[in-house]
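Structure data (compact mmCIF, C-alpha atoms) from model_23.txt:
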```
# COMPACT_ATOMS: atom_id res chain seq x y z
CA MET A 14 32.40 -12.70 -25.60
CA LYS A 15 31.79 -12.97 -21.86
CA GLU A 16 32.53 -9.27 -21.48
CA CYS A 17 29.99 -8.54 -24.25
CA GLU A 18 27.29 -10.44 -22.34
CA LEU A 19 28.03 -8.56 -19.16
CA ILE A 20 28.02 -5.21 -20.93
CA ARG A 21 24.80 -5.97 -22.85
CA ASP A 22 23.03 -6.55 -19.54
CA ARG A 23 23.91 -3.02 -18.46
CA LEU A 24 23.60 -1.15 -21.75
CA ALA A 25 19.98 -0.03 -21.27
CA GLU A 26 20.86 1.23 -17.80
CA TYR A 27 23.76 3.13 -19.33
CA ALA A 28 21.56 4.51 -22.12
CA VAL A 29 19.06 6.01 -19.64
CA GLY A 30 21.87 7.56 -17.58
CA GLY A 31 21.54 5.14 -14.67
CA LEU A 32 25.15 3.94 -14.46
CA ARG A 33 27.82 5.62 -12.35
CA GLY A 34 31.45 5.12 -11.40
CA ARG A 35 33.52 2.12 -12.45
CA MET A 36 30.71 0.29 -14.26
CA ARG A 37 29.99 3.33 -16.38
CA LYS A 38 33.66 3.63 -17.35
CA ARG A 39 33.81 -0.09 -18.09
CA VAL A 40 30.81 0.15 -20.45
CA GLU A 41 32.30 3.19 -22.18
CA ALA A 42 35.65 1.45 -22.66
CA HIS A 43 33.97 -1.65 -24.06
CA VAL A 44 31.65 0.06 -26.55
CA GLY A 45 34.63 2.09 -27.71
CA ALA A 46 36.31 -1.13 -28.78
CA CYS A 47 33.38 -3.45 -29.67
CA SER A 48 31.38 -2.51 -32.76
CA ASP A 49 28.52 -4.95 -32.01
CA CYS A 50 27.91 -3.55 -28.54
CA ARG A 51 28.31 -0.02 -29.92
CA ALA A 52 25.58 -0.76 -32.49
CA GLU A 53 23.35 -2.12 -29.73
CA LEU A 54 23.90 1.04 -27.67
CA THR A 55 23.07 3.17 -30.71
CA ALA A 56 19.81 1.26 -31.16
CA LEU A 57 18.93 1.85 -27.50
CA GLU A 58 19.71 5.56 -27.84
CA ARG A 59 17.64 5.82 -31.02
CA THR A 60 14.77 4.19 -29.17
CA GLY A 61 15.02 7.05 -26.66
CA VAL A 62 15.02 9.63 -29.47
CA LEU A 63 11.95 7.96 -30.97
CA LEU A 64 10.15 8.02 -27.61
CA ASP A 65 11.06 11.69 -27.10
CA SER A 66 9.55 12.52 -30.48
CA VAL A 67 6.08 11.20 -29.71
CA GLY A 68 5.29 14.05 -27.34
CA ALA A 69 2.04 14.97 -25.58
CA GLN A 70 -1.23 14.37 -27.41
CA GLU A 71 -4.40 16.36 -27.66
CA ALA A 72 -7.61 15.24 -26.03
CA PRO A 73 -10.36 14.36 -28.53
CA THR A 74 -12.73 16.83 -26.92
CA GLU A 75 -12.39 20.25 -25.36
CA THR A 76 -12.93 19.93 -21.63
CA TRP A 77 -12.11 23.36 -20.18
CA GLU A 78 -15.71 24.59 -20.37
CA ALA A 79 -16.86 21.57 -18.42
CA VAL A 80 -14.07 22.06 -15.87
CA ARG A 81 -14.89 25.78 -15.56
CA LEU A 82 -18.57 25.02 -14.94
CA ARG A 83 -17.77 22.42 -12.29
CA ILE A 84 -15.33 24.58 -10.37
CA SER A 85 -17.65 27.60 -10.48
CA GLU A 86 -20.57 25.56 -9.11
CA ARG A 87 -18.65 24.21 -6.15
CA PRO A 88 -15.66 26.49 -5.62
CA ARG A 89 -13.57 24.65 -3.09
CA ALA A 90 -16.54 23.82 -0.86
CA ARG A 91 -14.79 20.84 0.66
CA VAL A 92 -11.59 22.75 1.31
CA ARG A 93 -13.45 25.62 3.00
CA ALA A 94 -15.38 23.17 5.15
CA ARG A 95 -12.16 21.55 6.21
CA MET A 96 -10.64 24.92 7.01
CA ARG A 97 -13.61 25.83 9.23
CA TRP A 98 -13.25 22.51 11.02
CA GLY A 99 -9.58 23.28 11.43
CA TRP A 100 -10.32 26.55 13.20
CA ALA A 101 -12.98 24.91 15.38
CA MET A 102 -10.63 22.11 16.38
CA GLY A 103 -7.91 24.64 17.11
CA ALA A 104 -10.21 26.60 19.41
CA VAL A 105 -11.25 23.43 21.26
CA ALA A 106 -7.62 22.41 21.65
CA LEU A 107 -6.75 25.85 23.08
CA VAL A 108 -9.56 25.71 25.66
CA ALA A 109 -8.55 22.17 26.61
CA LEU A 110 -4.94 23.31 27.06
CA VAL A 111 -5.94 26.20 29.34
CA LEU A 112 -8.14 23.91 31.43
CA ALA A 113 -5.40 21.31 31.67
CA VAL A 114 -2.90 23.89 32.93
CA PHE A 115 -5.38 25.30 35.44
CA LEU A 116 -6.38 21.90 36.80
CA ALA A 117 -2.80 20.70 36.99
CA ARG A 118 -1.65 23.55 39.27
CA PRO A 119 -3.16 22.63 42.70
CA PRO A 120 -1.36 19.26 42.93
CA ALA A 121 1.89 20.96 41.99
CA ALA A 122 1.31 23.47 44.78
CA GLN A 123 0.64 20.76 47.33
CA GLU A 124 3.79 18.81 46.69
CA PRO A 125 6.13 21.05 48.73
CA VAL A 126 3.90 20.51 51.78
CA VAL A 127 5.04 16.91 52.04
CA VAL A 128 8.66 17.99 51.94
CA ILE A 129 8.12 20.86 54.36
CA ALA A 130 6.41 18.59 56.90
CA VAL A 131 9.57 16.51 57.06
CA GLU A 132 12.36 19.00 56.54
CA ALA A 133 11.04 22.36 57.64
CA ASP A 134 13.70 24.58 59.15
CA GLU A 135 13.63 28.23 60.12
CA GLU A 136 14.04 29.52 56.59
CA MET A 137 11.33 27.28 55.20
CA GLN A 138 9.09 28.18 58.10
CA ALA A 139 9.45 31.85 57.18
CA THR A 140 8.51 31.05 53.58
CA MET A 141 5.46 29.12 54.72
CA ASP A 142 4.41 31.95 57.00
CA GLY A 143 4.69 34.37 54.08
CA HIS A 144 2.42 32.24 51.94
CA LEU A 145 -0.11 31.76 54.71
CA SER A 146 -0.25 35.51 55.39
CA ALA A 147 -0.92 36.15 51.72
CA VAL A 148 -3.74 33.60 51.71
CA TRP A 149 -5.37 35.16 54.76
CA ALA A 150 -5.22 38.61 53.18
CA ALA A 151 -6.51 37.51 49.74
CA PRO A 152 -7.53 33.84 49.57
CA LEU A 153 -7.09 33.40 45.79
CA SER A 154 -3.95 35.51 45.33
CA ASP A 155 -1.41 32.79 46.14
CA VAL A 156 -2.05 29.32 44.76
CA ALA A 157 0.92 27.78 46.55
CA GLY A 158 -0.32 29.39 49.73
CA VAL A 159 -3.80 27.89 49.30
CA GLY A 160 -2.28 24.45 48.97
CA LEU A 161 -0.10 25.09 51.97
CA ARG A 162 -3.05 26.28 54.03
CA MET A 163 -5.13 23.25 53.07
CA ALA A 164 -2.29 20.94 53.99
CA THR A 165 -1.81 22.74 57.30
CA LEU A 166 -5.51 22.37 58.13
CA GLU A 167 -5.40 18.65 57.25
CA ASN A 168 -2.44 18.25 59.62
CA GLY A 169 -4.37 19.95 62.41
CA GLY A 170 -2.78 23.38 62.05
CA MET B 12 5.18 26.40 -20.06
CA SER B 13 7.49 23.97 -18.36
CA GLU B 14 10.48 26.10 -19.39
CA ASP B 15 9.30 29.07 -17.39
CA ARG B 16 9.13 27.87 -13.81
CA ASN B 17 8.55 31.36 -12.42
CA GLU B 18 5.56 31.92 -14.65
CA VAL B 19 4.07 28.57 -13.62
CA GLN B 20 4.66 29.29 -9.94
CA ASP B 21 3.02 32.69 -10.31
CA LEU B 22 0.00 31.05 -11.96
CA VAL B 23 -0.17 28.44 -9.20
CA VAL B 24 -0.07 31.11 -6.48
CA ARG B 25 -2.83 33.09 -8.20
CA ALA B 26 -4.95 29.98 -8.83
CA ARG B 27 -4.48 28.96 -5.21
CA ALA B 28 -5.87 32.36 -4.22
CA GLY B 29 -8.97 31.64 -6.32
CA GLU B 30 -8.21 33.21 -9.73
CA ALA B 31 -9.96 31.03 -12.30
CA ASP B 32 -8.11 32.74 -15.18
CA ALA B 33 -4.77 31.62 -13.76
CA PHE B 34 -6.12 28.10 -13.31
CA GLU B 35 -7.28 28.08 -16.93
CA ALA B 36 -3.74 28.93 -18.03
CA LEU B 37 -2.45 25.98 -15.98
CA TYR B 38 -5.11 23.78 -17.53
CA ARG B 39 -4.06 24.85 -21.03
CA ALA B 40 -0.43 24.10 -20.21
CA TYR B 41 -0.91 20.65 -18.69
CA GLN B 42 -4.14 19.12 -19.98
CA GLY B 43 -2.41 17.55 -23.00
CA GLY B 44 0.19 15.86 -20.84
CA ILE B 45 -2.34 14.73 -18.28
CA TYR B 46 -4.65 13.39 -20.98
CA THR B 47 -1.78 11.49 -22.63
CA PHE B 48 -0.66 10.09 -19.27
CA ILE B 49 -4.18 8.89 -18.43
CA TRP B 50 -4.86 7.59 -21.94
CA SER B 51 -1.62 5.60 -21.87
CA GLN B 52 -3.03 3.74 -18.88
CA VAL B 53 -6.75 3.33 -19.59
CA ARG B 54 -6.70 3.31 -23.44
CA GLU B 55 -10.21 4.68 -23.75
CA PRO B 56 -10.35 8.25 -25.12
CA GLU B 57 -13.69 9.21 -23.57
CA LEU B 58 -12.76 7.81 -20.19
CA ALA B 59 -9.35 9.48 -20.40
CA ALA B 60 -11.03 12.83 -21.20
CA ASP B 61 -13.41 12.43 -18.25
CA LEU B 62 -10.58 11.55 -15.88
CA THR B 63 -8.57 14.51 -17.20
CA GLN B 64 -11.51 16.75 -16.33
CA ASP B 65 -11.79 15.14 -12.87
CA THR B 66 -8.06 15.64 -12.32
CA PHE B 67 -8.32 19.40 -12.81
CA VAL B 68 -11.50 19.74 -10.75
CA ARG B 69 -9.83 17.81 -7.93
CA ALA B 70 -6.72 19.98 -8.33
CA TRP B 71 -8.77 23.17 -8.08
CA GLU B 72 -10.45 21.94 -4.92
CA SER B 73 -7.21 20.84 -3.30
CA LEU B 74 -4.96 23.66 -4.49
CA PRO B 75 -5.18 25.64 -1.21
CA ARG B 76 -3.43 22.70 0.46
CA LEU B 77 -0.50 22.67 -1.99
CA ARG B 78 2.28 24.45 -0.09
CA GLN B 79 5.04 24.39 -2.72
CA ALA B 80 3.93 26.09 -5.92
CA GLY B 81 7.00 24.63 -7.68
CA ALA B 82 5.75 21.10 -7.04
CA PHE B 83 2.52 21.69 -8.97
CA ARG B 84 3.19 19.47 -12.00
CA GLY B 85 4.19 16.38 -10.03
CA TRP B 86 1.29 16.96 -7.65
CA LEU B 87 -1.11 17.16 -10.61
CA TYR B 88 0.21 13.90 -12.05
CA ARG B 89 -0.17 12.25 -8.67
CA ILE B 90 -3.85 13.26 -8.61
CA ALA B 91 -4.29 11.84 -12.13
CA ARG B 92 -2.49 8.62 -11.16
CA ASN B 93 -4.70 8.14 -8.11
CA LEU B 94 -7.85 8.71 -10.15
CA VAL B 95 -6.72 6.11 -12.69
CA ARG B 96 -5.97 3.62 -9.91
CA ASP B 97 -9.39 4.24 -8.36
CA GLU B 98 -11.03 3.74 -11.75
CA VAL B 99 -9.19 0.48 -12.31
CA ARG B 100 -9.98 -0.74 -8.80
CA SER B 101 -13.66 0.00 -9.35
CA GLY B 102 -13.54 -2.24 -12.43
CA HIS B 103 -14.44 0.48 -14.93
CA ALA B 104 -11.09 0.48 -16.70
CA ARG B 105 -8.16 -1.81 -17.37
CA LEU B 106 -4.48 -1.01 -17.65
CA GLU B 107 -3.41 -3.55 -20.23
CA THR B 108 -4.37 -3.57 -23.88
CA VAL B 109 -3.90 -0.93 -26.51
CA ALA B 110 -4.66 -2.69 -29.80
CA SER B 111 -8.42 -2.12 -29.73
CA ALA B 112 -8.01 1.57 -28.99
CA LEU B 113 -5.50 1.97 -31.79
CA ALA B 114 -7.87 0.29 -34.21
CA GLY B 115 -10.56 2.88 -33.50
CA ASP B 116 -10.89 6.59 -34.13
CA GLY B 117 -9.80 7.53 -30.65
CA ASP B 118 -6.05 7.05 -30.96
CA PRO B 119 -4.52 10.24 -29.59
CA GLY B 120 -1.38 9.58 -31.61
CA LEU B 121 -3.37 10.08 -34.79
CA HIS B 122 -4.28 13.65 -33.86
CA GLU B 123 -0.68 14.73 -34.34
CA PRO B 124 0.78 16.24 -37.50
CA ALA B 125 1.63 13.60 -40.08
CA ALA B 126 5.40 13.84 -39.62
CA GLU B 127 8.12 15.89 -38.06
CA SER B 128 11.89 15.89 -37.78
CA ASP B 129 13.38 15.35 -34.34
CA GLY B 130 16.46 14.22 -32.45
CA PRO B 131 20.14 14.67 -33.05
CA GLU B 132 20.08 12.24 -35.94
CA ASP B 133 17.08 13.78 -37.68
CA VAL B 134 14.88 10.76 -37.33
CA LEU B 135 11.85 11.34 -39.48
CA VAL B 136 8.96 10.40 -37.24
CA THR B 137 5.83 9.49 -39.10
CA LYS B 138 2.29 9.04 -37.90
CA GLU B 139 2.75 5.34 -38.50
CA MET B 140 5.85 5.26 -36.30
CA LYS B 141 4.00 6.97 -33.48
CA GLY B 142 1.29 4.35 -33.74
CA GLU B 143 4.00 1.69 -33.53
CA VAL B 144 5.46 3.31 -30.43
CA TRP B 145 2.06 3.26 -28.72
CA ARG B 146 1.62 -0.40 -29.67
CA ALA B 147 5.07 -1.19 -28.33
CA LEU B 148 4.21 0.50 -25.03
CA GLU B 149 1.60 -2.24 -24.61
CA SER B 150 4.39 -4.70 -23.86
CA LEU B 151 5.40 -2.76 -20.74
CA THR B 152 4.09 -3.07 -17.22
CA PRO B 153 1.80 -0.19 -16.14
CA GLU B 154 4.58 1.18 -13.93
CA GLN B 155 7.16 1.10 -16.74
CA ARG B 156 4.66 2.74 -19.09
CA GLU B 157 3.93 5.50 -16.57
CA ALA B 158 7.64 6.20 -16.19
CA VAL B 159 8.22 6.25 -19.97
CA VAL B 160 5.27 8.58 -20.64
CA MET B 161 6.28 11.03 -17.90
CA HIS B 162 9.97 10.97 -18.83
CA HIS B 163 9.93 10.90 -22.62
CA MET B 164 6.60 12.46 -23.48
CA GLN B 165 6.37 15.05 -20.70
CA GLY B 166 10.08 15.70 -20.13
CA MET B 167 9.96 14.97 -16.40
CA GLY B 168 13.12 14.06 -14.46
CA THR B 169 13.53 10.90 -12.41
CA SER B 170 13.22 12.73 -9.06
CA GLU B 171 9.92 14.33 -10.06
CA ILE B 172 8.61 11.01 -11.41
CA ALA B 173 9.70 9.27 -8.21
CA LYS B 174 7.55 11.66 -6.17
CA VAL B 175 4.55 11.03 -8.40
CA MET B 176 4.97 7.26 -8.11
CA GLY B 177 5.96 7.22 -4.45
CA VAL B 178 9.22 5.34 -5.08
CA ARG B 179 12.94 6.15 -5.03
CA PRO B 180 14.61 7.78 -8.08
CA GLY B 181 16.71 4.63 -8.50
CA THR B 182 13.54 2.58 -8.94
CA VAL B 183 12.35 4.97 -11.65
CA MET B 184 15.73 4.68 -13.40
CA SER B 185 15.49 0.92 -13.26
CA ARG B 186 11.96 0.96 -14.73
CA LEU B 187 13.12 3.26 -17.51
CA ALA B 188 16.05 0.96 -18.30
CA ARG B 189 13.90 -2.18 -18.46
CA ALA B 190 11.34 -0.33 -20.57
CA ARG B 191 14.06 0.90 -22.94
CA ASP B 192 15.36 -2.63 -23.36
CA ALA B 193 11.88 -4.00 -24.15
CA LEU B 194 10.98 -1.13 -26.50
CA ARG B 195 14.28 -1.40 -28.36
CA LYS B 196 13.31 -4.98 -29.25
CA GLN B 197 9.73 -4.05 -30.13
CA LEU B 198 10.88 -1.16 -32.34
CA SER B 199 13.89 -2.90 -33.85
CA GLY B 200 12.69 -2.15 -37.38
CA TYR B 201 13.02 1.56 -36.72
CA VAL B 202 16.10 1.77 -34.56
CA GLU B 203 18.59 -0.81 -35.83
CA ARG B 204 21.52 0.22 -37.97
CA SER B 205 21.53 -1.03 -41.56
CA ASP B 206 24.61 -1.42 -43.76
CA GLU B 207 24.26 2.01 -45.26
CA GLY B 208 23.81 3.68 -41.88
CA MET B 209 20.70 4.61 -39.95
CA ARG B 210 17.48 3.58 -41.59
CA THR B 211 15.52 6.43 -43.05
CA HIS B 212 11.75 6.35 -42.95
CA THR B 213 9.43 8.30 -45.14
CA ARG B 214 5.69 8.73 -45.06
```
Conversion result in structure tokens:
Amino acid sequence: MKECELIRDRLAEYAVGGLRGRMRKRVEAHVGACSDCRAELTALERTGVLLDSVGAQEAPTETWEAVRLRISERPRARVRARMRWGWAMGAVALVALVLAVFLARPPAAQEPVVVIAVEADEEMQATMDGHLSAVWAAPLSDVAGVGLRMATLENGG
Amino acid sequence: MSEDRNEVQDLVVRARAGEADAFEALYRAYQGGIYTFIWSQVREPELAADLTQDTFVRAWESLPRLRQAGAFRGWLYRIARNLVRDEVRSGHARLETVASALAGDGDPGLHEPAAESDGPEDVLVTKEMKGEVWRALESLTPEQREAVVMHHMQGMGTSEIAKVMGVRPGTVMSRLARARDALRKQLSGYVERSDEGMRTHTR
């Protein structure tokens, strides 16, 4: 009887296909041998058949005409508005990105100056001279050179 | 319609591009299921019809944002579910009783043919039995009722239902099992075995 109680607790789960593995096999073995539990399982399965048979129902009134009118009056106005906002926000984000990159470059160019001031050797000096020559020839052609020149001026060069 | 996934996906793609004819075909295919789903929750035919209409208008407006055409049905049910929840939250509808609706003219179950044969055991399902099933559904929680309607009356699988309800498939399975247990007791007169075999019902 104790086994019947345990199996009854899981029969609905079994009937809806929710049992797996050992428990499923245990239920199958039990209902194969116990007529009462088998009858209970049959009732649960017949309940499922009954539910399946009810099917979808028809609405009391025809609503397509009303739906058609509503969607033709405002065809996706909200969606289009959101899409326009999406493009606008994308453009703003792109401009902001370009500005951020542009503004972030001078500090990056100045950083080597600090290192050069401490560790400059002949090779580095040649590199610095190259940059400075480029800046003198065309002031905006070499960003690193501009930074280097500014740092040199600050240090009295 | 649900058998031909390619045809549905084609309709969804065309409707998404703005073809009202394709959207009408989708409406024809799913409005019965959506209406039944909503009615099973709010129990008021006029309100259910209005919310069905709102569901499709909302779907039309939002369709450009649906990326997977194959997910259309579940997505549509999710819209309907949210509209029902909003309606209940606003105090205009309740999710509980069915008896008053069944007593009136608006019972959707009474629009069906008087009887039909179904199931492996040829259960003769009468109009009266369908009414009993709807009454029995009253004993379920709203979540169990949603799962039962989507699974048994719309033929949806547990994974699809889980996406509509925002839960795991195991939770859906558990709701279906508890609902089956409760309904088996409610419908015992129709589903229990008699001495001479399965009970046969006639009109």
Requested in this report: Using all atoms listed in the file, determine which residues of chain A fall within 8 Å of chain B; present them as number ranges by chain.
Outcome: A: 25-26, 28-31, 52-53, 55-57, 59-74, 76-77, 79-81, 83-84, 88-92
**Report entry** Sphere at (34.2, -1.8, -27.1), radius 12 Å, counting all atoms listed in the file: residues as JSON, numbers by chain
**Finding:** {"A": [14, 16, 17, 20, 21, 24, 38, 39, 40, 41, 42, 43, 44, 45, 46, 47, 48, 49, 50, 51, 52, 53, 54]}
Query raised in the report: Could you pull the residues within 10 Å of Gly85 of chain B, counting only C-alpha atoms, minus those fewer than 4 positions along the same chain, as a VMD selection string?
Result: chain B and resid 81 89 to 91 161 167 170 to 176
Query raised in the report: What separation in Å, quoted to one decimal, exists between atom CA of Val24 of chain B and atom CA of Leu58 of chain B?
Result: 29.9 Å
Query - Between atom CA of Glu55 of chain B and atom CA of Leu37 of chain B, distance in Å (one decimal) - result: 24.0 Å
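Taking atom CA of Arg37 of chain A and atom CA of Gly177 of chain B as endpoints, the distance between them is 27.1 Å.
Ranking B:Ala28, B:Ile49, B:Val23, B:Ala147 by their shortest atom-to-atom distance to Leu94 of chain B, with only C-alpha atoms included, puts B:Ile49 first.
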